[in-house]
Every structure is written in structure tokens, then in C-alpha cells.
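Pasted below: structure08.pdb, PDB, C-alpha atoms, pLDDT in the B column.
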```pdb
ATOM      1  CA  MET A   1     -15.819  13.376  -7.716  1.00 84.00           C
ATOM      2  CA  LEU A   2     -15.222  12.248  -4.149  1.00 85.00           C
ATOM      3  CA  GLY A   3     -16.033  15.774  -2.935  1.00 89.00           C
ATOM      4  CA  VAL A   4     -19.393  15.561  -4.700  1.00 92.00           C
ATOM      5  CA  ILE A   5     -20.160  12.187  -3.122  1.00 93.00           C
ATOM      6  CA  TRP A   6     -19.341  13.456   0.378  1.00 87.00           C
ATOM      7  CA  THR A   7     -21.406  16.601  -0.156  1.00 92.00           C
ATOM      8  CA  VAL A   8     -24.423  14.563  -1.318  1.00 94.00           C
ATOM      9  CA  LEU A   9     -24.092  12.188   1.653  1.00 90.00           C
ATOM     10  CA  LEU A  10     -23.892  15.112   4.071  1.00 87.00           C
ATOM     11  CA  ALA A  11     -26.882  16.865   2.485  1.00 90.00           C
ATOM     12  CA  VAL A  12     -29.000  13.694   2.553  1.00 91.00           C
ATOM     13  CA  SER A  13     -28.085  13.141   6.225  1.00 88.00           C
ATOM     14  CA  VAL A  14     -29.089  16.686   7.159  1.00 88.00           C
ATOM     15  CA  VAL A  15     -32.381  16.444   5.223  1.00 91.00           C
ATOM     16  CA  PHE A  16     -33.300  13.127   6.836  1.00 89.00           C
ATOM     17  CA  GLY A  17     -32.203  14.377  10.273  1.00 87.00           C
ATOM     18  CA  ILE A  18     -34.520  17.381   9.956  1.00 90.00           C
ATOM     19  CA  ALA A  19     -37.365  15.319   8.427  1.00 91.00           C
ATOM     20  CA  THR A  20     -37.280  12.732  11.219  1.00 90.00           C
ATOM     21  CA  GLY A  21     -36.731  15.261  14.008  1.00 87.00           C
ATOM     22  CA  ARG A  22     -33.357  13.782  14.949  1.00 87.00           C
ATOM     23  CA  VAL A  23     -31.133  16.802  14.422  1.00 85.00           C
ATOM     24  CA  GLY A  24     -29.690  16.307  17.925  1.00 87.00           C
ATOM     25  CA  PHE A  25     -28.612  12.764  17.068  1.00 87.00           C
ATOM     26  CA  LEU A  26     -27.143  14.024  13.800  1.00 85.00           C
ATOM     27  CA  SER A  27     -25.067  16.725  15.462  1.00 85.00           C
ATOM     28  CA  ALA A  28     -23.876  14.253  18.118  1.00 89.00           C
ATOM     29  CA  ALA A  29     -22.884  11.767  15.411  1.00 87.00           C
ATOM     30  CA  VAL A  30     -20.988  14.473  13.499  1.00 84.00           C
ATOM     31  CA  SER A  31     -19.117  15.464  16.653  1.00 87.00           C
ATOM     32  CA  GLU A  32     -18.275  11.867  17.598  1.00 89.00           C
ATOM     33  CA  GLY A  33     -17.210  11.068  14.028  1.00 86.00           C
ATOM     34  CA  ALA A  34     -14.894  14.064  13.878  1.00 87.00           C
ATOM     35  CA  GLN A  35     -13.349  13.145  17.218  1.00 88.00           C
ATOM     36  CA  ALA A  36     -12.856   9.510  16.134  1.00 84.00           C
ATOM     37  CA  ALA A  37     -11.289  10.657  12.850  1.00 85.00           C
ATOM     38  CA  VAL A  38      -8.755  12.857  14.649  1.00 87.00           C
ATOM     39  CA  THR A  39      -7.885  10.050  17.088  1.00 82.00           C
ATOM     40  CA  THR A  40      -7.430   7.566  14.250  1.00 79.00           C
ATOM     41  CA  VAL A  41      -5.293   9.956  12.198  1.00 83.00           C
ATOM     42  CA  LEU A  42      -3.047  10.699  15.181  1.00 81.00           C
ATOM     43  CA  SER A  43      -2.633   6.985  15.937  1.00 73.00           C
ATOM     44  CA  ILE A  44      -1.749   6.180  12.347  1.00 75.00           C
ATOM     45  CA  THR A  45       0.578   9.185  12.100  1.00 80.00           C
ATOM     46  CA  GLY A  46       2.475   8.077  15.185  1.00 77.00           C
ATOM     47  CA  MET A  47       2.889   4.541  13.861  1.00 71.00           C
ATOM     48  CA  MET A  48       3.943   5.812  10.415  1.00 72.00           C
ATOM     49  CA  MET A  49       6.493   8.190  11.946  1.00 79.00           C
ATOM     50  CA  LEU A  50       7.961   5.348  13.999  1.00 76.00           C
ATOM     51  CA  TRP A  51       8.368   3.015  11.025  1.00 71.00           C
ATOM     52  CA  CYS A  52       9.583   5.763   8.687  1.00 73.00           C
ATOM     53  CA  ALA A  53      12.254   6.487  11.301  1.00 80.00           C
ATOM     54  CA  VAL A  54      13.102   2.765  11.381  1.00 76.00           C
ATOM     55  CA  MET A  55      13.473   2.843   7.577  1.00 73.00           C
ATOM     56  CA  GLU A  56      15.769   5.875   7.839  1.00 78.00           C
ATOM     57  CA  VAL A  57      17.890   4.128  10.490  1.00 84.00           C
ATOM     58  CA  MET A  58      18.053   1.082   8.228  1.00 77.00           C
ATOM     59  CA  ARG A  59      19.198   3.310   5.361  1.00 75.00           C
ATOM     60  CA  GLU A  60      21.825   5.134   7.453  1.00 86.00           C
ATOM     61  CA  SER A  61      23.168   1.941   9.042  1.00 89.00           C
ATOM     62  CA  GLY A  62      23.572   0.175   5.718  1.00 82.00           C
ATOM     63  CA  LEU A  63      20.969  -2.452   6.575  1.00 80.00           C
ATOM     64  CA  ALA A  64      18.779  -1.238   3.684  1.00 72.00           C
ATOM     65  CA  GLU A  65      21.693  -1.794   1.301  1.00 74.00           C
ATOM     66  CA  LYS A  66      22.208  -5.327   2.671  1.00 81.00           C
ATOM     67  CA  LEU A  67      18.500  -5.997   2.237  1.00 77.00           C
ATOM     68  CA  ALA A  68      18.783  -4.663  -1.315  1.00 72.00           C
ATOM     69  CA  ARG A  69      21.597  -7.113  -2.026  1.00 78.00           C
ATOM     70  CA  LEU A  70      19.536  -9.916  -0.507  1.00 85.00           C
ATOM     71  CA  LEU A  71      16.523  -9.026  -2.666  1.00 84.00           C
ATOM     72  CA  SER A  72      18.585  -8.323  -5.799  1.00 82.00           C
ATOM     73  CA  PRO A  73      18.542 -11.859  -7.328  1.00 88.00           C
ATOM     74  CA  LEU A  74      14.767 -12.057  -6.992  1.00 89.00           C
ATOM     75  CA  LEU A  75      14.211  -8.517  -8.269  1.00 90.00           C
ATOM     76  CA  LYS A  76      16.491  -9.126 -11.277  1.00 89.00           C
ATOM     77  CA  ARG A  77      14.337 -12.107 -12.239  1.00 90.00           C
ATOM     78  CA  LEU A  78      11.099 -10.175 -11.772  1.00 90.00           C
ATOM     79  CA  PHE A  79      12.364  -7.012 -13.513  1.00 91.00           C
ATOM     80  CA  PRO A  80      14.773  -8.077 -16.261  1.00 89.00           C
ATOM     81  CA  SER A  81      14.994  -4.591 -17.832  1.00 88.00           C
ATOM     82  CA  ALA A  82      15.975  -2.850 -14.561  1.00 88.00           C
ATOM     83  CA  ASN A  83      19.437  -1.297 -14.259  1.00 88.00           C
ATOM     84  CA  SER A  84      21.289  -1.115 -10.916  1.00 83.00           C
ATOM     85  CA  ASP A  85      19.844   2.292  -9.983  1.00 84.00           C
ATOM     86  CA  THR A  86      16.301   1.103 -10.697  1.00 88.00           C
ATOM     87  CA  LEU A  87      16.967  -2.107  -8.741  1.00 87.00           C
ATOM     88  CA  SER A  88      18.003   0.037  -5.774  1.00 83.00           C
ATOM     89  CA  HIS A  89      14.687   1.931  -5.930  1.00 86.00           C
ATOM     90  CA  LEU A  90      12.792  -1.330  -6.357  1.00 90.00           C
ATOM     91  CA  SER A  91      14.525  -2.751  -3.304  1.00 86.00           C
ATOM     92  CA  ALA A  92      13.638   0.290  -1.193  1.00 83.00           C
ATOM     93  CA  ASN A  93      10.045   0.066  -2.414  1.00 86.00           C
ATOM     94  CA  VAL A  94       9.731  -3.650  -1.646  1.00 87.00           C
ATOM     95  CA  SER A  95      11.419  -3.213   1.761  1.00 81.00           C
ATOM     96  CA  ALA A  96       9.008  -0.447   2.773  1.00 79.00           C
ATOM     97  CA  ASN A  97       6.061  -2.552   1.638  1.00 82.00           C
ATOM     98  CA  LEU A  98       7.344  -5.540   3.638  1.00 80.00           C
ATOM     99  CA  LEU A  99       7.195  -3.302   6.713  1.00 74.00           C
ATOM    100  CA  GLY A 100       3.679  -2.170   5.809  1.00 71.00           C
ATOM    101  CA  LEU A 101       4.783   1.385   5.014  1.00 72.00           C
ATOM    102  CA  GLY A 102       2.853   2.098   1.847  1.00 71.00           C
ATOM    103  CA  ASN A 103       3.441   5.850   2.156  1.00 71.00           C
ATOM    104  CA  ALA A 104       7.187   5.403   2.596  1.00 73.00           C
ATOM    105  CA  ALA A 105       7.247   3.015  -0.372  1.00 79.00           C
ATOM    106  CA  THR A 106       5.648   5.503  -2.763  1.00 83.00           C
ATOM    107  CA  PRO A 107       8.661   7.744  -3.586  1.00 85.00           C
ATOM    108  CA  ALA A 108      10.894   4.738  -4.288  1.00 85.00           C
ATOM    109  CA  GLY A 109       8.112   3.156  -6.340  1.00 89.00           C
ATOM    110  CA  ILE A 110       7.763   6.291  -8.458  1.00 91.00           C
ATOM    111  CA  ARG A 111      11.527   6.397  -9.105  1.00 91.00           C
ATOM    112  CA  ALA A 112      11.487   2.692  -9.972  1.00 92.00           C
ATOM    113  CA  ALA A 113       8.565   3.226 -12.372  1.00 93.00           C
ATOM    114  CA  GLU A 114      10.521   5.987 -14.104  1.00 93.00           C
ATOM    115  CA  GLY A 115      13.401   3.566 -14.599  1.00 91.00           C
ATOM    116  CA  LEU A 116      11.049   0.899 -15.979  1.00 92.00           C
ATOM    117  CA  ARG A 117       9.044   3.195 -18.277  1.00 89.00           C
ATOM    118  CA  ASN A 118      10.323   1.489 -21.443  1.00 89.00           C
ATOM    119  CA  SER A 119       9.205  -1.970 -20.329  1.00 89.00           C
ATOM    120  CA  PRO A 120       5.413  -2.419 -20.133  1.00 89.00           C
ATOM    121  CA  SER A 121       5.713  -5.879 -18.590  1.00 89.00           C
ATOM    122  CA  ASP A 122       8.055  -4.637 -15.840  1.00 92.00           C
ATOM    123  CA  LEU A 123       5.773  -1.674 -15.127  1.00 91.00           C
ATOM    124  CA  THR A 124       2.843  -4.080 -14.858  1.00 91.00           C
ATOM    125  CA  MET A 125       4.863  -6.268 -12.505  1.00 93.00           C
ATOM    126  CA  LEU A 126       5.712  -3.250 -10.331  1.00 92.00           C
ATOM    127  CA  THR A 127       2.052  -2.282 -10.156  1.00 91.00           C
ATOM    128  CA  VAL A 128       1.001  -5.809  -9.222  1.00 91.00           C
ATOM    129  CA  ILE A 129       3.704  -6.184  -6.575  1.00 90.00           C
ATOM    130  CA  ASN A 130       2.771  -2.845  -5.014  1.00 87.00           C
ATOM    131  CA  THR A 131      -0.935  -3.586  -5.156  1.00 86.00           C
ATOM    132  CA  SER A 132      -0.691  -7.040  -3.591  1.00 85.00           C
ATOM    133  CA  SER A 133       1.996  -5.727  -1.210  1.00 82.00           C
ATOM    134  CA  LEU A 134       3.485  -8.672   0.661  1.00 84.00           C
ATOM    135  CA  GLN A 135       3.643  -7.473   4.279  1.00 82.00           C
ATOM    136  CA  LEU A 136       5.595  -8.897   7.174  1.00 83.00           C
ATOM    137  CA  ILE A 137       4.522  -6.116   9.553  1.00 81.00           C
ATOM    138  CA  PRO A 138       1.150  -4.515   8.639  1.00 82.00           C
ATOM    139  CA  THR A 139       1.794  -1.267  10.525  1.00 77.00           C
ATOM    140  CA  THR A 140      -1.119   0.750   9.143  1.00 76.00           C
ATOM    141  CA  VAL A 141      -3.682  -1.958   9.859  1.00 82.00           C
ATOM    142  CA  ALA A 142      -2.211  -2.490  13.335  1.00 82.00           C
ATOM    143  CA  ALA A 143      -2.401   1.254  14.020  1.00 79.00           C
ATOM    144  CA  ILE A 144      -6.045   1.351  12.978  1.00 81.00           C
ATOM    145  CA  ARG A 145      -6.808  -1.694  15.116  1.00 86.00           C
ATOM    146  CA  ALA A 146      -4.998  -0.136  18.093  1.00 83.00           C
ATOM    147  CA  SER A 147      -6.911   3.133  17.713  1.00 77.00           C
ATOM    148  CA  ALA A 148     -10.160   1.132  17.614  1.00 81.00           C
ATOM    149  CA  GLY A 149      -9.269  -0.446  20.973  1.00 85.00           C
ATOM    150  CA  ALA A 150      -7.780  -3.797  19.937  1.00 87.00           C
ATOM    151  CA  THR A 151      -5.762  -5.215  22.828  1.00 90.00           C
ATOM    152  CA  ALA A 152      -3.505  -7.192  20.476  1.00 91.00           C
ATOM    153  CA  PRO A 153      -3.386  -5.260  17.189  1.00 87.00           C
ATOM    154  CA  PHE A 154      -0.768  -7.593  15.675  1.00 88.00           C
ATOM    155  CA  ASP A 155      -2.661 -10.841  16.330  1.00 91.00           C
ATOM    156  CA  ILE A 156      -3.696 -10.800  12.654  1.00 90.00           C
ATOM    157  CA  LEU A 157      -0.146 -11.499  11.442  1.00 90.00           C
ATOM    158  CA  PRO A 158      -0.617 -15.117  10.252  1.00 92.00           C
ATOM    159  CA  ALA A 159      -3.719 -14.156   8.246  1.00 91.00           C
ATOM    160  CA  VAL A 160      -1.959 -11.120   6.748  1.00 89.00           C
ATOM    161  CA  TRP A 161       1.097 -13.197   5.807  1.00 91.00           C
ATOM    162  CA  LEU A 162      -1.015 -15.869   4.138  1.00 93.00           C
ATOM    163  CA  ALA A 163      -3.317 -13.432   2.300  1.00 91.00           C
ATOM    164  CA  THR A 164      -0.571 -11.120   1.041  1.00 88.00           C
ATOM    165  CA  LEU A 165       1.684 -14.013  -0.004  1.00 92.00           C
ATOM    166  CA  ALA A 166      -1.167 -15.653  -1.932  1.00 94.00           C
ATOM    167  CA  ALA A 167      -2.046 -12.334  -3.596  1.00 92.00           C
ATOM    168  CA  GLN A 168       1.599 -11.689  -4.480  1.00 91.00           C
ATOM    169  CA  VAL A 169       2.128 -15.142  -6.016  1.00 93.00           C
ATOM    170  CA  ALA A 170      -1.153 -14.985  -7.950  1.00 94.00           C
ATOM    171  CA  GLY A 171      -0.301 -11.507  -9.237  1.00 92.00           C
ATOM    172  CA  ILE A 172       3.202 -12.464 -10.351  1.00 92.00           C
ATOM    173  CA  LEU A 173       1.898 -15.569 -12.130  1.00 93.00           C
ATOM    174  CA  ALA A 174      -0.807 -13.509 -13.855  1.00 92.00           C
ATOM    175  CA  VAL A 175       1.718 -10.961 -15.106  1.00 91.00           C
ATOM    176  CA  ARG A 176       3.981 -13.729 -16.382  1.00 89.00           C
ATOM    177  CA  MET A 177       1.037 -15.387 -18.089  1.00 90.00           C
ATOM    178  CA  PHE A 178      -0.269 -12.226 -19.781  1.00 87.00           C
ATOM    179  CA  HIS A 179       3.114 -10.726 -20.736  1.00 81.00           C
ATOM    180  CA  LYS A 180       5.034 -13.271 -22.734  1.00 72.00           C
ATOM    181  CA  GLY A 181       8.644 -12.360 -23.349  1.00 52.00           C
ATOM    182  CA  GLY A 182       8.185  -8.840 -22.027  1.00 47.00           C
ATOM    183  CA  LYS A 183       5.507  -8.008 -24.609  1.00 52.00           C
ATOM    184  CA  PRO A 184       1.800  -7.774 -23.812  1.00 49.00           C
ATOM    185  CA  CYS A 185      -0.253 -10.680 -25.142  1.00 46.00           C
ATOM    186  CA  ARG A 186      -2.731  -9.695 -27.828  1.00 48.00           C
ATOM    187  CA  ASN A 187      -5.986 -11.507 -28.303  1.00 44.00           C
ATOM    188  CA  SER A 188      -6.805 -12.839 -31.739  1.00 40.00           C
ATOM    189  CA  SER A 189      -9.562 -10.263 -32.390  1.00 43.00           C
ATOM    190  CA  SER A 190      -7.050  -7.368 -32.290  1.00 43.00           C
ATOM    191  CA  ARG A 191      -4.947  -8.733 -35.190  1.00 42.00           C
TER     192      ARG A 191
END
```

Would you write the structure of this file as C-alpha cells?
Amino acid sequence: MLGVIWTVLLAVSVVFGIATGRVGFLSAAVSEGAQAAVTTVLSITGMMMLWCAVMEVMRESGLAEKLARLLSPLLKRLFPSANSDTLSHLSANVSANLLGLGNAATPAGIRAAEGLRNSPSDLTMLTVINTSSLQLIPTTVAAIRASAGATAPFDILPAVWLATLAAQVAGILAVRMFHKGGKPCRNSSSR
């Protein structure tokens, strides 16, 4: 579907460029847009590679395991059906999200979801936690800001901390409210 949308947008742009006699502006905009896209992708890739390497160093040094132990009491409360292997994947997922590494968090999140597949409330909690994604270091946003010319790409930290913490708390409370005792709430009309 996205391919269709992009094709329609491109076709409409070309038609209007020809109709208004601004084909030169259109071709210049296409060239500038392509160049900006490549620059942005390279900036983000560099930042992602750096932080993925940091995550690997954390894993190899045992720091990831210590972080897992630190997060374990909280994760056990949030995911009561999780076994120790699933808790390990959850910890890696949450750690990567704390560092703003959504792409690095995905494999651990998938493994954690597989371990939680028999608990709808825990799967919902995992989805909410990943969607609201509490971030201490928003690396992707900082990389985009840096590629756009921001002189201080991390000056948004207090706003990011406040927004992601509020989203995380609201999401967790909503899951707890709608999933009583690990079972989805049913409205009275479905009985």
C-alpha cells in the first residue's frame, strides 16, 4: 500500500510540475531530496552502529547481565508469566530501548514475545512498553537532529525523559486496568 501512495504522490508531482511549467524546480527538488535522504541515512546508520557496538560491549563485559539483574524485580512484576529465559530477553529489549536503539531491541523483543505467547496480558504489556519506549538516550532522534544541522542534538533530553516516562506510566496503568488478573476485561455486551 505504501508503494501505491508513493507512486501516486510522485505522479501528481510530475503532472503538476509539467502543468505549471516548473519541471526544473521539480527535478532540483528530487535531486536535493535524494541527497538529503542519503545524508540522513548515513548519519543514522553511523549512530546506530556506535550504539549497537556499545550494546555488544555491554553484553561481552557482563554489564548487560548486571543490568538484567537490576531490572529483574521490576520485570517480574510487570510480566508475571515470564520464565528466566524470557526475562533475559525482556531485559535486553528494555535495555536497548533505554539507549534509544529500537532496531537493536527488536530481536530481543521478538524472543520475549515468543516466551510470553500464552499470556495475552503480558504480550499486551510488552507491546505497550515497546511502543512507549522509555528512553534515557534518544540516539535515533539525536542522529536525525545532527544530520539536520542541530548544534546540540541532545538538548532535548529533559523533554524526552518526561514524555517517555509519562507515556510508559500511562501505558502500564492502562494495561493493568484493562487486563484484570491476567485475563482481558470483557464488556457487558459481549456476554

Handout entry: Target residues per the PyMOL selection byres ((chain A and resi 87-90) around 10), formatted as an MDAnalysis selection string
Key = chainID A and resid 64:65 68:69 71:73 75:76 79:86 91:96 105 107:113 115:116 126

Under the PyMOL selection byres ((chain A and resi 137) around 12), which residues of this model are included? Write them out as a CSV table (one decimal) with C-alpha atoms, in the coordinates of the input.
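Contents of expr_9.csv, as written:
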```
chain,number,residue,atom,x,y,z
A,47,MET,CA,2.9,4.5,13.9
A,48,MET,CA,3.9,5.8,10.4
A,51,TRP,CA,8.4,3.0,11.0
A,95,SER,CA,11.4,-3.2,1.8
A,96,ALA,CA,9.0,-0.4,2.8
A,97,ASN,CA,6.1,-2.6,1.6
A,98,LEU,CA,7.3,-5.5,3.6
A,99,LEU,CA,7.2,-3.3,6.7
A,100,GLY,CA,3.7,-2.2,5.8
A,101,LEU,CA,4.8,1.4,5.0
A,102,GLY,CA,2.9,2.1,1.8
A,133,SER,CA,2.0,-5.7,-1.2
A,134,LEU,CA,3.5,-8.7,0.7
A,135,GLN,CA,3.6,-7.5,4.3
A,136,LEU,CA,5.6,-8.9,7.2
A,138,PRO,CA,1.2,-4.5,8.6
A,139,THR,CA,1.8,-1.3,10.5
A,140,THR,CA,-1.1,0.8,9.1
A,141,VAL,CA,-3.7,-2.0,9.9
A,142,ALA,CA,-2.2,-2.5,13.3
A,143,ALA,CA,-2.4,1.3,14.0
A,153,PRO,CA,-3.4,-5.3,17.2
A,154,PHE,CA,-0.8,-7.6,15.7
A,155,ASP,CA,-2.7,-10.8,16.3
A,156,ILE,CA,-3.7,-10.8,12.7
A,157,LEU,CA,-0.1,-11.5,11.4
A,158,PRO,CA,-0.6,-15.1,10.3
A,159,ALA,CA,-3.7,-14.2,8.2
A,160,VAL,CA,-2.0,-11.1,6.7
A,161,TRP,CA,1.1,-13.2,5.8
A,164,THR,CA,-0.6,-11.1,1.0
```

Practice task
Determine the nearest neighbour of A:Ala148 from the options A:Ile129, A:Ile44, A:Val8, A:Ala29, counting all atoms listed in the file.
Solution key: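 For A:Ala148, the nearest of the given residues is A:Ile44.
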
Practice task
Find the residue from A:Ala167, A:Leu9, A:Val4, A:Leu123 that sits nearest to A:Leu78; use all atoms listed in the file when measuring.
Solution key: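 Selected residue with least distance to A:Leu78: A:Leu123.
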
Practice task
Specify as a PyMOL selection string each residue included when the PyMOL selection byres ((chain A and resi 26) around 12) is applied to this file.
Solution key: chain A and resi 10-25+27-33

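Atom CA of A:Ala34 to atom CA of A:Ala53 spans 28.3 Å [interatomic distance, one decimal].
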
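Across the model, the gap from atom CA of A:Met49 to atom CA of A:Leu67 is 21.0 Å.
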
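Coordinates place atom CA of A:Ala104 at a distance of 13.0 Å from atom CA of A:Met58.
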
Problem - Closest of A:Thr106, A:His179, A:Ala170, A:Arg145 to A:Thr124 - atom-to-atom distances counting all atoms listed in the file - result: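 Answer, going by the shortest atom-to-atom distance: A:His179.
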
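Each of A:Leu173, A:Phe178, A:Arg77, A:Leu165 was compared to A:Pro120 using all atoms listed in the file, and A:Phe178 turns out to be the nearest.
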
Return as JSON the centre and edge lengths, in Å with one decimal, of the box along x, y and z that encloses every atom of stretch 167-171 of chain A in the file, padded by 8 Å per side.
```
{"center_x": 0.0, "center_y": -13.3, "center_z": -6.4, "size_x": 20.2, "size_y": 19.6, "size_z": 21.6}
```

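Minimum distance to A:Thr127 across A:Thr7, A:Ser61, A:Thr151, A:Gln168 (counting all atoms listed in the file) occurs at A:Gln168.
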